[in-house]
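See below for run20.tsv, which holds TSV, C-alpha atoms.
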```tsv
chain	number	residue	atom	x	y	z
T	126	SER	CA	61.10	81.59	125.78
T	127	GLN	CA	63.41	83.21	123.25
T	128	TRP	CA	66.50	81.02	123.42
T	129	GLY	CA	67.73	77.71	122.10
T	130	GLU	CA	66.13	76.21	119.05
T	131	GLU	CA	62.77	77.93	119.47
T	132	ASN	CA	61.42	79.90	116.56
T	133	LEU	CA	60.36	83.48	116.88
T	134	GLN	CA	57.61	83.59	119.53
T	135	ALA	CA	54.35	85.45	118.99
T	136	LEU	CA	51.85	86.80	121.48
T	137	SER	CA	48.52	88.45	120.71
T	138	ILE	CA	46.59	90.28	123.43
T	139	GLN	CA	43.91	92.90	123.89
T	140	GLU	CA	44.60	96.43	124.99
T	141	GLY	CA	44.58	96.72	128.76
T	142	GLU	CA	45.81	93.18	129.42
T	143	ASP	CA	49.07	92.35	131.13
T	144	VAL	CA	51.68	90.28	129.32
T	145	THR	CA	54.90	88.53	130.25
T	146	MET	CA	57.71	87.46	127.93
T	147	ASN	CA	60.36	85.02	128.99
T	148	CYS	CA	63.99	84.60	128.11
T	149	SER	CA	66.38	81.86	129.12
T	150	TYR	CA	70.08	82.03	128.41
T	151	LYS	CA	72.74	79.37	128.22
T	152	THR	CA	75.88	80.92	129.62
T	153	TYR	CA	76.84	83.15	132.51
T	154	THR	CA	75.83	86.77	132.17
T	155	THR	CA	76.21	89.82	134.35
T	156	VAL	CA	73.38	91.74	132.74
T	157	VAL	CA	70.27	91.18	130.66
T	158	HIS	CA	69.18	93.84	128.20
T	159	TRP	CA	65.64	94.06	126.87
T	160	TYR	CA	65.31	95.78	123.50
T	161	ARG	CA	62.23	96.75	121.58
T	162	GLN	CA	62.21	96.86	117.78
T	163	ASP	CA	59.49	98.66	115.90
T	164	SER	CA	58.80	97.73	112.31
T	165	GLY	CA	61.49	99.05	109.99
T	166	ARG	CA	63.67	100.43	112.76
T	167	GLY	CA	66.66	99.43	114.80
T	168	PRO	CA	66.31	97.98	118.30
T	169	ALA	CA	66.12	100.37	121.24
T	170	LEU	CA	66.86	99.54	124.87
T	171	ILE	CA	63.84	99.66	127.12
T	172	ILE	CA	65.17	98.16	130.34
T	173	LEU	CA	68.41	96.66	131.62
T	174	ILE	CA	68.75	94.44	134.68
T	175	ARG	CA	72.04	93.47	136.29
T	176	SER	CA	72.98	90.27	138.08
T	177	ASN	CA	72.76	91.90	141.50
T	178	GLU	CA	69.13	92.90	140.85
T	179	ARG	CA	66.22	90.50	140.99
T	180	GLU	CA	63.67	92.99	139.72
T	181	LYS	CA	63.72	96.30	137.88
T	182	ARG	CA	60.80	98.57	137.08
T	183	SER	CA	60.40	101.37	134.56
T	184	GLY	CA	56.92	102.79	134.10
T	185	ARG	CA	54.67	99.93	132.96
T	186	LEU	CA	57.66	97.63	132.44
T	187	ARG	CA	58.98	95.14	134.94
T	188	ALA	CA	62.02	92.95	134.37
T	189	THR	CA	63.15	90.07	136.52
T	190	LEU	CA	66.37	88.12	136.55
T	191	ASP	CA	67.01	84.72	138.10
T	192	THR	CA	70.67	83.89	137.73
T	193	SER	CA	70.24	80.44	139.29
T	194	SER	CA	67.86	79.33	136.53
T	195	GLN	CA	69.51	81.56	133.92
T	196	SER	CA	66.25	83.22	132.98
T	197	SER	CA	64.75	86.66	132.72
T	198	SER	CA	61.26	87.99	132.09
T	199	LEU	CA	59.75	91.20	130.84
T	200	SER	CA	56.24	92.16	131.88
T	201	ILE	CA	54.12	94.94	130.49
T	202	THR	CA	51.20	96.13	132.58
T	203	ALA	CA	48.02	97.36	130.91
T	204	ALA	CA	49.40	96.94	127.40
T	205	GLN	CA	48.56	99.56	124.82
T	206	CYS	CA	48.43	99.35	121.03
T	207	GLU	CA	51.66	101.34	120.92
T	208	ASP	CA	53.40	98.43	122.68
T	209	THR	CA	53.06	96.37	119.50
T	210	ALA	CA	56.65	95.51	118.54
T	211	VAL	CA	59.24	92.76	118.64
T	212	TYR	CA	60.97	92.37	122.01
T	213	PHE	CA	64.44	90.89	122.35
T	214	CYS	CA	66.45	89.89	125.34
T	215	ALA	CA	70.22	90.11	125.05
T	216	THR	CA	72.98	88.98	127.34
T	217	ASP	CA	76.46	90.30	127.90
T	218	HIS	CA	79.01	87.58	128.61
T	219	ASP	CA	81.38	89.92	130.37
T	220	SER	CA	83.68	90.15	127.37
T	221	GLY	CA	84.76	93.61	128.40
T	222	TYR	CA	83.56	95.04	125.10
T	223	ASN	CA	79.83	95.09	125.75
T	224	LYS	CA	79.27	92.30	123.24
T	225	LEU	CA	75.68	91.13	123.20
T	226	THR	CA	74.06	87.84	122.27
T	227	PHE	CA	70.43	88.29	121.25
T	228	GLY	CA	67.53	85.92	121.62
T	229	LYS	CA	65.24	85.28	118.67
T	230	GLY	CA	62.63	87.68	119.96
T	231	THR	CA	58.93	87.79	120.83
T	232	VAL	CA	56.43	89.44	118.51
T	233	LEU	CA	53.82	91.23	120.58
T	234	LEU	CA	50.58	92.33	118.94
T	235	VAL	CA	48.25	94.45	121.03
T	236	SER	CA	44.80	94.90	119.55
T	237	PRO	CA	42.24	97.57	120.49
A	45	GLU	CA	69.87	111.72	121.92
A	46	ALA	CA	72.41	109.26	120.62
A	47	ALA	CA	72.67	109.26	116.85
A	48	VAL	CA	73.76	106.44	114.59
A	49	THR	CA	73.19	106.72	110.86
A	50	GLN	CA	73.65	104.13	108.15
A	51	SER	CA	74.01	104.33	104.40
A	52	PRO	CA	72.63	103.19	102.13
A	53	ARG	CA	69.27	102.34	103.69
A	54	SER	CA	68.70	99.69	101.10
A	55	LYS	CA	70.76	98.10	98.37
A	56	VAL	CA	70.46	95.48	95.68
A	57	ALA	CA	73.71	93.74	94.85
A	58	VAL	CA	74.73	91.03	92.42
A	59	THR	CA	76.30	87.77	93.49
A	60	GLY	CA	80.06	88.07	93.48
A	61	GLY	CA	80.04	91.84	93.64
A	62	LYS	CA	81.55	94.03	96.32
A	63	VAL	CA	79.29	95.76	98.83
A	64	THR	CA	80.24	98.39	101.38
A	65	LEU	CA	77.86	99.40	104.14
A	66	SER	CA	78.66	102.55	106.09
A	67	CYS	CA	77.91	103.65	109.61
A	68	HIS	CA	78.43	107.02	111.24
A	69	GLN	CA	77.89	107.94	114.89
A	70	THR	CA	77.92	111.31	116.59
A	71	ASN	CA	77.82	109.90	120.11
A	72	ASN	CA	81.54	110.08	120.75
A	73	HIS	CA	81.36	106.37	121.62
A	74	ASP	CA	84.42	104.16	121.59
A	75	TYR	CA	82.68	100.88	120.75
A	76	MET	CA	80.94	100.10	117.47
A	77	TYR	CA	79.28	96.93	116.20
A	78	TRP	CA	77.85	95.35	113.07
A	79	TYR	CA	74.96	92.89	113.32
A	80	ARG	CA	72.85	91.06	110.79
A	81	GLN	CA	69.20	90.19	111.23
A	82	ASP	CA	67.46	87.53	109.22
A	83	THR	CA	63.71	87.36	108.97
A	84	GLY	CA	62.24	85.90	112.11
A	85	HIS	CA	65.52	85.88	113.98
A	86	GLY	CA	67.43	87.96	116.46
A	87	LEU	CA	70.58	89.90	115.75
A	88	ARG	CA	73.94	88.21	115.31
A	89	LEU	CA	77.25	89.98	115.81
A	90	ILE	CA	79.52	90.10	112.75
A	91	HIS	CA	82.37	92.44	113.72
A	92	TYR	CA	83.03	94.99	116.39
A	93	SER	CA	85.62	97.65	117.19
A	94	TYR	CA	86.70	99.19	120.45
A	95	VAL	CA	89.08	101.77	119.01
A	96	ALA	CA	89.78	103.47	115.70
A	97	ASP	CA	91.99	101.52	113.25
A	98	SER	CA	91.20	98.24	114.95
A	99	THR	CA	88.45	95.67	114.36
A	100	GLU	CA	87.59	92.34	115.96
A	101	LYS	CA	85.69	89.30	114.77
A	102	GLY	CA	82.28	88.68	116.23
A	103	ASP	CA	80.25	85.49	116.20
A	104	ILE	CA	79.71	85.20	112.41
A	105	PRO	CA	82.60	87.00	110.65
A	106	ASP	CA	83.04	84.68	107.65
A	107	GLY	CA	82.49	86.50	104.35
A	108	TYR	CA	82.72	89.95	105.96
A	109	LYS	CA	85.44	92.48	106.61
A	110	ALA	CA	85.23	95.62	108.71
A	111	SER	CA	87.03	98.93	108.75
A	112	ARG	CA	87.16	101.62	111.46
A	113	PRO	CA	89.08	104.56	109.99
A	114	SER	CA	87.96	106.97	112.71
A	115	GLN	CA	86.03	106.95	115.95
A	116	GLU	CA	82.90	108.08	114.13
A	117	ASN	CA	82.93	105.72	111.15
A	118	PHE	CA	82.66	101.96	110.87
A	119	SER	CA	82.20	100.11	107.58
A	120	LEU	CA	81.17	96.56	106.74
A	121	ILE	CA	82.57	95.13	103.54
A	122	LEU	CA	81.33	92.14	101.58
A	123	GLU	CA	84.12	91.43	99.09
A	124	LEU	CA	82.18	88.73	97.21
A	125	ALA	CA	78.51	89.05	98.01
A	126	SER	CA	76.51	85.82	98.17
A	127	LEU	CA	72.82	85.02	98.23
A	128	SER	CA	73.10	83.95	101.86
A	129	GLN	CA	74.13	87.47	102.83
A	130	THR	CA	70.70	88.85	102.04
A	131	ALA	CA	69.61	90.32	105.36
A	132	VAL	CA	69.11	93.54	107.27
A	133	TYR	CA	72.31	94.94	108.71
A	134	PHE	CA	72.44	97.07	111.83
A	135	CYS	CA	75.23	99.19	113.18
A	136	ALA	CA	75.41	100.13	116.86
A	137	SER	CA	77.62	102.10	119.19
A	138	SER	CA	78.15	102.16	122.93
A	139	VAL	CA	80.27	103.86	125.54
A	140	LYS	CA	83.45	102.26	126.77
A	141	ASN	CA	81.94	101.15	130.08
A	142	ASN	CA	80.97	97.52	130.14
A	143	GLN	CA	77.33	96.38	130.21
A	144	ASP	CA	75.97	99.60	128.83
A	145	THR	CA	73.31	100.43	126.29
A	146	GLN	CA	73.94	99.92	122.62
A	147	TYR	CA	72.45	102.55	120.32
A	148	PHE	CA	71.36	101.19	116.98
A	149	GLY	CA	71.11	102.73	113.57
A	150	PRO	CA	68.02	102.34	111.36
A	151	GLY	CA	69.45	99.41	109.42
A	152	THR	CA	70.41	98.67	105.82
A	153	ARG	CA	68.29	96.20	103.88
A	154	LEU	CA	70.56	94.24	101.54
A	155	LEU	CA	69.25	92.01	98.78
A	156	VAL	CA	71.78	89.92	96.91
A	157	LEU	CA	70.57	88.52	93.59
```

Write-out of the structure in structure tokens:
Amino acid sequence: SQWGEENLQALSIQEGEDVTMNCSYKTYTTVVHWYRQDSGRGPALIILIRSNEREKRSGRLRATLDTSSQSSSLSITAAQCEDTAVYFCATDHDSGYNKLTFGKGTVLLVSP
Amino acid sequence: EAAVTQSPRSKVAVTGGKVTLSCHQTNNHDYMYWYRQDTGHGLRLIHYSYVADSTEKGDIPDGYKASRPSQENFSLILELASLSQTAVYFCASSVKNNQDTQYFGPGTRLLVL
């Protein structure tokens, strides 16, 4: 999980495997963003799931959101080497200004 | 494609010196943000702005000032740079609607010696 006092998480898998990253948040949120950051670049949104959605799919990505347990997950099916990146979850605490609080991130390494 | 640019891309500054980081967006977005990222950590919000000529404090504003002279431009100012401000700084913009995507710039790597 990305939140709390945990250090940056790291996952290493082989190409073709499925992988799931978890994120737990501490305060109420109406949306969870999942960003991907490639080395030397800024984060880029890959999927966004709102509080009225339990699951959201986009290509090989699947995000879930459980507001009762304050947790979200991001799954990648059949991972490819190009999926190697750092993945962050971020929550919006309904500030009205789209302010985000980021988790510490998960480093995903996909090897051939 | 949304476009956020930052300058400089990297900078070496001396302790106690003044540093200005610049951000420019061509997205016509109302909201802009400054984050810092430390090695092995997520991004933390320093300042944000929802309209030109107005800035707001984020979660870690101490030691930083911000300026939004126009809708397109948002600057982060370190009046007295300190060693602890060595980090990568990211600017982002988003539309006015709540809960929407933030578009990030490429980052500025700042080293304070």

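Checking A:Leu127, A:Ile121, A:Tyr77, A:Val139 one by one against Leu65 in chain A, counting all atoms listed in the file, you find the shortest gap at A:Ile121.
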
Check which residues of chain T sit at most 12 Å from chain A using all atoms listed in the file, and return one row each with the closest pair of atoms and their distance in Å to one decimal, ordered by chain and rising number, as a tab-separated table.
```
residue	atom	partner	partner_atom	distance
T:Gln127	CA	A:Gly86	CA	9.2
T:Trp128	CA	A:Gly86	CA	9.9
T:Gly129	CA	A:Gly86	CA	11.7
T:Glu130	CA	A:His85	CA	10.9
T:Glu131	CA	A:His85	CA	10.0
T:Asn132	CA	A:Gly84	CA	7.5
T:Leu133	CA	A:Gly84	CA	5.7
T:Gln134	CA	A:Gly84	CA	9.0
T:Ala135	CA	A:Gly84	CA	10.5
T:Thr154	CA	A:Gln143	CA	9.9
T:Thr155	CA	A:Gln143	CA	7.8
T:Val156	CA	A:Gln143	CA	6.6
T:Val157	CA	A:Gln143	CA	8.8
T:His158	CA	A:Thr145	CA	8.0
T:Trp159	CA	A:Thr145	CA	10.0
T:Tyr160	CA	A:Gln146	CA	9.6
T:Arg161	CA	A:Phe148	CA	11.1
T:Gln162	CA	A:Phe148	CA	10.2
T:Asp163	CA	A:Pro150	CA	10.3
T:Ser164	CA	A:Pro150	CA	10.4
T:Gly165	CA	A:Pro150	CA	7.4
T:Arg166	CA	A:Pro150	CA	5.0
T:Gly167	CA	A:Pro150	CA	4.7
T:Pro168	CA	A:Phe148	CA	6.1
T:Ala169	CA	A:Tyr147	CA	6.8
T:Leu170	CA	A:Thr145	CA	6.7
T:Ile171	CA	A:Thr145	CA	9.5
T:Ile172	CA	A:Thr145	CA	9.4
T:Leu173	CA	A:Thr145	CA	8.2
T:Ile174	CA	A:Gln143	CA	9.9
T:Arg175	CA	A:Gln143	CA	8.6
T:Ser176	CA	A:Gln143	CA	10.9
T:Val211	CA	A:Gly86	CA	9.7
T:Tyr212	CA	A:Gly86	CA	9.6
T:Phe213	CA	A:Gly86	CA	7.2
T:Cys214	CA	A:Gly86	CA	9.1
T:Ala215	CA	A:Gly86	CA	9.3
T:Thr216	CA	A:Gln143	CA	9.1
T:Asp217	CA	A:Gln143	CA	6.6
T:His218	CA	A:Gln143	CA	9.1
T:Asp219	CA	A:Asn142	CA	7.6
T:Ser220	CA	A:Asn142	CA	8.3
T:Gly221	CA	A:Asn142	CA	5.7
T:Tyr222	CA	A:Asn142	CA	6.2
T:Asn223	CA	A:Asn142	CA	5.1
T:Lys224	CA	A:Leu89	CA	8.0
T:Leu225	CA	A:Leu89	CA	7.6
T:Thr226	CA	A:Arg88	CA	7.0
T:Phe227	CA	A:Gly86	CA	5.7
T:Gly228	CA	A:Gly86	CA	5.5
T:Lys229	CA	A:Gly86	CA	4.1
T:Gly230	CA	A:Gly86	CA	5.9
T:Thr231	CA	A:Gly84	CA	9.5
T:Val232	CA	A:Gly84	CA	9.3
```

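What separates CA of Ile201 in chain T from CA of Trp78 in chain A is a distance of 29.4 Å.
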
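Near Ser194 in chain T, within 10 Å and counting only C-alpha atoms, sit Ser149, Tyr150, Lys151, Leu190, Asp191, Thr192, Ser196 and Ser197 of chain T, not including residues fewer than 2 positions from it in the same chain.
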
**Message:** I want to know what sits within 9 Å of range 233-237 of chain T, based on only C-alpha atoms, with residues of the same chain fewer than 6 positions away left out; could you give that as a PyMOL selection string?
**Reply:** chain T and resi 134-142+204-212

**Asked** Skipping near chain neighbours, those fewer than 3 positions away, what residues fall within 9 Å of Leu157 in chain A using all atoms listed in the file, listed as a list of chain:residue names?
**Response** A:Val56, A:Ala57, A:Val58, A:Thr59, A:Ser126, A:Leu127, A:Thr130

**Residues near Ser119 in chain A, cut-off 7 Å, only C-alpha atoms, skip fewer than 6 positions along chain, as a list in words** = Thr64, Leu65, Ser66, Cys67, Ala110, Ser111 and Arg112 of chain A

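You will find CA of Leu154 in chain A at 5.8 Å from CA of Ser54 in chain A.
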
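Picture a line from CA of Tyr108 in chain A to CA of Tyr153 in chain T; it runs 28.0 Å.
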
**Message:** When you look at Gln129 in chain A with a cut-off of 9 Å (counting only C-alpha atoms), what residues show up, excluding the ones that are within fewer than 3 positions of it in the same chain? I need them as a count of residues only.
**Reply:** 8
